[in-house]
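Participant: What follows is a structure written as structure tokens; I'll ask about it next.
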Amino acid sequence: MKKEEVLPVERAVEYMEAHLGGRLCLESVAEAVHYSPYHLHRMFARVAGMTVRDYAARRRLTQAAKFLAFSERPILEIALDSGYTSQQAFSAAFKAMYKMPPAQYRARRAYYPLQLRLRLVPDAEERRFGPEDVRPAEAEDLAAWMDLVRGTIDGYPCFDGREYRKYLDRCLAEKRALILKSGENAIGAMMFSYADANIDFIGVHPQYRGQGVFRVLLEKLTRECLPQREIQTTTFREGDRADPGYRREWKRMGFVEREWLVEFGYPTQRFVLTVPHGTEHR
């Protein structure tokens, strides 16, 4: 990925972060960073793994969730400061992402982010990775791992950082955590369970999602860690607007849909992959 693509996207992110309460559309952001809407759209989607519009919407709702959980500001005021023209429009958008109306979310006082600020790697490698690049994570990888988690939190509704860290420590001790790094940066990570062959967490840095890292992590798991096992995981249900593409990725890897579930109060669906011995993902 070329640095000349990453830097304009970084400037676009900085502009949006400074104007979350203002007018944010592709045209206004493109004008601010001195690119045509067409070129900025292509660069942003390639580098960030989502569109300008989706990033802005997810960041605004994340900020709104924080205000709801940690302040007593009126919901209408939060709606207007989040760039919405009415409380009704804000409530509809919030419920589509957080699965409950703003007032109910406030009553729970349990904040979780939908989208944290995008942190980009200016000198990201552009090459193909293989299972041989994946290894068990060690204690010295913790800082890089958690940096990656903050950038891939979009795939894990109801994320609880403290509970996640406790579970990660267990996985490290039991050799149930895999990592793929480029230099000092973690670009892919996975936690899994031997007992039920479950993928508990998978995260791929947005800049590397087009380089097969998701598939490489899965190949490592099915070849060396859980060979001849039926692998399972859970993800977003069909039509969930909060899904940034995880459901599509699981299906592309050959996973098939199973029963609906509710995890931590959030509607999900179990997905299963049966990998015959010797099968490789291509």
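The chains in the structure tokens are called A, B, ... from first to last as shown; in each chain the residues are counted from 1, and the ligands are counted from 1 in the order shown.
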With the cut-off set at 8 Å and counting only C-alpha atoms, tabulate each residue of stretch 181-259 of chain A with an atom at most that distance from an atom of stretch 94-107 of chain A, showing the nearest atom pair and its distance in Å to one decimal, ordered by chain and increasing number, as JSON lines.

Facilitator:
{"residue": "A:Asp240", "atom": "CA", "partner": "A:Ala96", "partner_atom": "CA", "distance": 7.5}
{"residue": "A:Arg241", "atom": "CA", "partner": "A:Met97", "partner_atom": "CA", "distance": 6.0}
{"residue": "A:Ala242", "atom": "CA", "partner": "A:Met97", "partner_atom": "CA", "distance": 4.8}

Participant: Skip A:Arg60 itself and residues of its chain fewer than 6 positions away, then list as a ChimeraX atom specification all residues within 9 Å of it, counting only C-alpha atoms.

Facilitator: /A:20-21,81-83,115

Participant: For the residues selected in the previous step, produce a file with all heavy atoms as a compact mmCIF listing (two decimals), in the first residue's frame.

Facilitator:
# COMPACT_ATOMS: atom_id res chain seq x y z
N LEU A 20 -16.90 15.98 13.92
CA LEU A 20 -17.93 14.95 14.07
C LEU A 20 -19.32 15.56 14.25
O LEU A 20 -20.32 14.92 13.94
CB LEU A 20 -17.60 14.02 15.24
CG LEU A 20 -16.42 13.08 15.02
CD1 LEU A 20 -16.16 12.26 16.28
CD2 LEU A 20 -16.66 12.16 13.84
N GLY A 21 -19.39 16.77 14.74
CA GLY A 21 -20.69 17.41 14.94
C GLY A 21 -21.12 18.28 13.79
O GLY A 21 -22.20 18.87 13.83
N ASP A 81 -25.64 17.45 18.16
CA ASP A 81 -24.18 17.52 18.19
C ASP A 81 -23.53 16.36 17.44
O ASP A 81 -22.34 16.41 17.12
CB ASP A 81 -23.68 17.52 19.64
CG ASP A 81 -23.84 18.87 20.30
OD1 ASP A 81 -24.21 19.83 19.60
OD2 ASP A 81 -23.61 18.97 21.53
N SER A 82 -24.31 15.33 17.15
CA SER A 82 -23.80 14.19 16.41
C SER A 82 -24.07 14.31 14.91
O SER A 82 -23.83 13.37 14.15
CB SER A 82 -24.44 12.89 16.93
OG SER A 82 -24.12 12.70 18.31
N GLY A 83 -24.58 15.46 14.51
CA GLY A 83 -24.79 15.71 13.08
C GLY A 83 -26.15 15.34 12.56
O GLY A 83 -26.39 15.39 11.34
N GLN A 115 -16.93 2.19 16.92
CA GLN A 115 -15.80 2.46 16.03
C GLN A 115 -14.86 3.45 16.72
O GLN A 115 -15.25 4.57 16.99
CB GLN A 115 -16.28 3.07 14.70
CG GLN A 115 -15.18 3.43 13.72
CD GLN A 115 -14.60 2.22 13.03
OE1 GLN A 115 -15.33 1.40 12.49
NE2 GLN A 115 -13.29 2.10 13.04

Participant: Identify, on the basis of only C-alpha atoms, every residue whose closest approach to stretch 131-139 of chain A does not exceed 6 Å; exclude the query and any residue fewer than 3 positions from it along the same chain; express the result as a list in words.

Facilitator: Leu142, Ala177, Leu178, Ile179, Leu180, Val216 and Lys220 of chain A

Participant: Quick one: write out the picked residues with all heavy atoms as a PDB file, in the first residue's frame?

Facilitator:
ATOM      1  N   LEU A 142       1.894  -8.140  23.518  1.00  0.00           N
ATOM      2  CA  LEU A 142       0.652  -7.611  24.079  1.00  0.00           C
ATOM      3  C   LEU A 142       0.333  -6.193  23.601  1.00  0.00           C
ATOM      4  O   LEU A 142      -0.811  -5.899  23.239  1.00  0.00           O
ATOM      5  CB  LEU A 142       0.707  -7.645  25.605  1.00  0.00           C
ATOM      6  CG  LEU A 142       0.255  -8.948  26.264  1.00  0.00           C
ATOM      7  CD1 LEU A 142       0.515  -8.904  27.760  1.00  0.00           C
ATOM      8  CD2 LEU A 142      -1.219  -9.199  25.981  1.00  0.00           C
ATOM      9  N   ALA A 177      -3.481 -18.295  21.283  1.00  0.00           N
ATOM     10  CA  ALA A 177      -3.501 -16.985  20.647  1.00  0.00           C
ATOM     11  C   ALA A 177      -2.473 -16.972  19.522  1.00  0.00           C
ATOM     12  O   ALA A 177      -1.294 -17.266  19.738  1.00  0.00           O
ATOM     13  CB  ALA A 177      -3.181 -15.895  21.671  1.00  0.00           C
ATOM     14  N   LEU A 178      -2.916 -16.645  18.322  1.00  0.00           N
ATOM     15  CA  LEU A 178      -2.051 -16.586  17.149  1.00  0.00           C
ATOM     16  C   LEU A 178      -1.905 -15.146  16.692  1.00  0.00           C
ATOM     17  O   LEU A 178      -2.858 -14.358  16.761  1.00  0.00           O
ATOM     18  CB  LEU A 178      -2.636 -17.420  16.008  1.00  0.00           C
ATOM     19  CG  LEU A 178      -2.878 -18.904  16.281  1.00  0.00           C
ATOM     20  CD1 LEU A 178      -3.575 -19.549  15.091  1.00  0.00           C
ATOM     21  CD2 LEU A 178      -1.568 -19.621  16.599  1.00  0.00           C
ATOM     22  N   ILE A 179      -0.725 -14.794  16.198  1.00  0.00           N
ATOM     23  CA  ILE A 179      -0.477 -13.426  15.766  1.00  0.00           C
ATOM     24  C   ILE A 179       0.318 -13.406  14.465  1.00  0.00           C
ATOM     25  O   ILE A 179       1.146 -14.289  14.207  1.00  0.00           O
ATOM     26  CB  ILE A 179       0.267 -12.628  16.864  1.00  0.00           C
ATOM     27  CG1 ILE A 179       0.247 -11.127  16.551  1.00  0.00           C
ATOM     28  CG2 ILE A 179       1.693 -13.136  17.058  1.00  0.00           C
ATOM     29  CD1 ILE A 179       0.680 -10.255  17.721  1.00  0.00           C
ATOM     30  N   LEU A 180       0.042 -12.413  13.659  1.00  0.00           N
ATOM     31  CA  LEU A 180       0.783 -12.150  12.430  1.00  0.00           C
ATOM     32  C   LEU A 180       1.216 -10.695  12.489  1.00  0.00           C
ATOM     33  O   LEU A 180       0.385  -9.795  12.627  1.00  0.00           O
ATOM     34  CB  LEU A 180      -0.095 -12.396  11.203  1.00  0.00           C
ATOM     35  CG  LEU A 180       0.472 -12.013   9.829  1.00  0.00           C
ATOM     36  CD1 LEU A 180       1.799 -12.712   9.570  1.00  0.00           C
ATOM     37  CD2 LEU A 180      -0.530 -12.347   8.734  1.00  0.00           C
ATOM     38  N   VAL A 216      -5.245 -16.511   5.883  1.00  0.00           N
ATOM     39  CA  VAL A 216      -3.989 -17.074   6.384  1.00  0.00           C
ATOM     40  C   VAL A 216      -4.129 -17.512   7.843  1.00  0.00           C
ATOM     41  O   VAL A 216      -3.649 -18.580   8.236  1.00  0.00           O
ATOM     42  CB  VAL A 216      -2.841 -16.055   6.213  1.00  0.00           C
ATOM     43  CG1 VAL A 216      -1.625 -16.462   7.028  1.00  0.00           C
ATOM     44  CG2 VAL A 216      -2.471 -15.923   4.737  1.00  0.00           C
ATOM     45  N   LYS A 220      -3.750 -21.432   9.241  1.00  0.00           N
ATOM     46  CA  LYS A 220      -2.888 -21.834  10.352  1.00  0.00           C
ATOM     47  C   LYS A 220      -3.689 -22.630  11.383  1.00  0.00           C
ATOM     48  O   LYS A 220      -3.223 -23.665  11.896  1.00  0.00           O
ATOM     49  CB  LYS A 220      -2.278 -20.593  11.004  1.00  0.00           C
ATOM     50  CG  LYS A 220      -1.290 -20.882  12.132  1.00  0.00           C
ATOM     51  CD  LYS A 220       0.037 -21.361  11.590  1.00  0.00           C
ATOM     52  CE  LYS A 220       1.088 -21.440  12.685  1.00  0.00           C
ATOM     53  NZ  LYS A 220       2.421 -21.797  12.143  1.00  0.00           N
TER      54      LYS A 220
END

Participant: Just checking: using only C-alpha atoms, which residue out of A:Leu80, A:Ala89, A:Leu217, A:Leu172 ends up closest to A:Met190?

Facilitator: A:Leu217

Participant: Please provide as a PyMOL selection string all residues within 12 Å of A:Gly155, with the sequence filter that same-chain residues fewer than 5 positions apart are discarded (counting only C-alpha atoms).

Facilitator: chain A and resi 97+113-116+149-150+200-206+234-236+240-247+249-250+268

Participant: Determine, counting only C-alpha atoms, which protein, DNA and RNA residues have an atom within 12 Å of an atom of A:His19; residues of the same chain fewer than 3 positions away are not included. Present the result as a list in words.

Facilitator: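 Skipping anything fewer than 3 positions along the chain leaves Ala12, Val13, Glu14, Tyr15, Met16, Gly22, Arg23, Leu24, Cys25, Ser28, Val29, Ala32, Ala56, Ala57, Arg59, Arg60, Gln63, Asp81, Ser82 and Gly83 of chain A.
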
Participant: Interatomic distance between atom CA of A:Gln228 and atom CA of A:Asp141?

Facilitator: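 About the pair atom CA of A:Gln228 and atom CA of A:Asp141: they are 28.8 Å apart.
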
Participant: Where in stretch 38-191 of chain A does DSSP assign alpha helix (DSSP H), given as a PyMOL selection string?

Facilitator: chain A and resi 38-48+52-70+75-81+87-98+102-108+142-151+161-173

Participant: Taking the DSSP secondary structure from the backbone, can you list the residues of stretch 23-231 of chain A that are strand (DSSP E or B), as a PyMOL selection string?

Facilitator: chain A and resi 135-136+177-182+185-193+198-204+230-231

Participant: One number please: atom CA of A:Ser36 to atom CA of A:Arg53, in Å, one decimal.

Facilitator: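 Distance reported for this atom pair: 15.1 Å.
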
Participant: My list of candidates is A:Arg128, A:Lys66, A:His39, A:Arg58. Which is closest to A:Arg209 when distances are computed with only C-alpha atoms?

Facilitator: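 Answer, going by the shortest atom-to-atom distance: A:Arg128.
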
Participant: Considering only C-alpha atoms, can you say which of A:Leu40, A:Ala64, A:Val9, A:Ala110 comes closest to A:Phe90?

Facilitator: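 Using only C-alpha atoms, A:Phe90 sits closest to A:Ala64.
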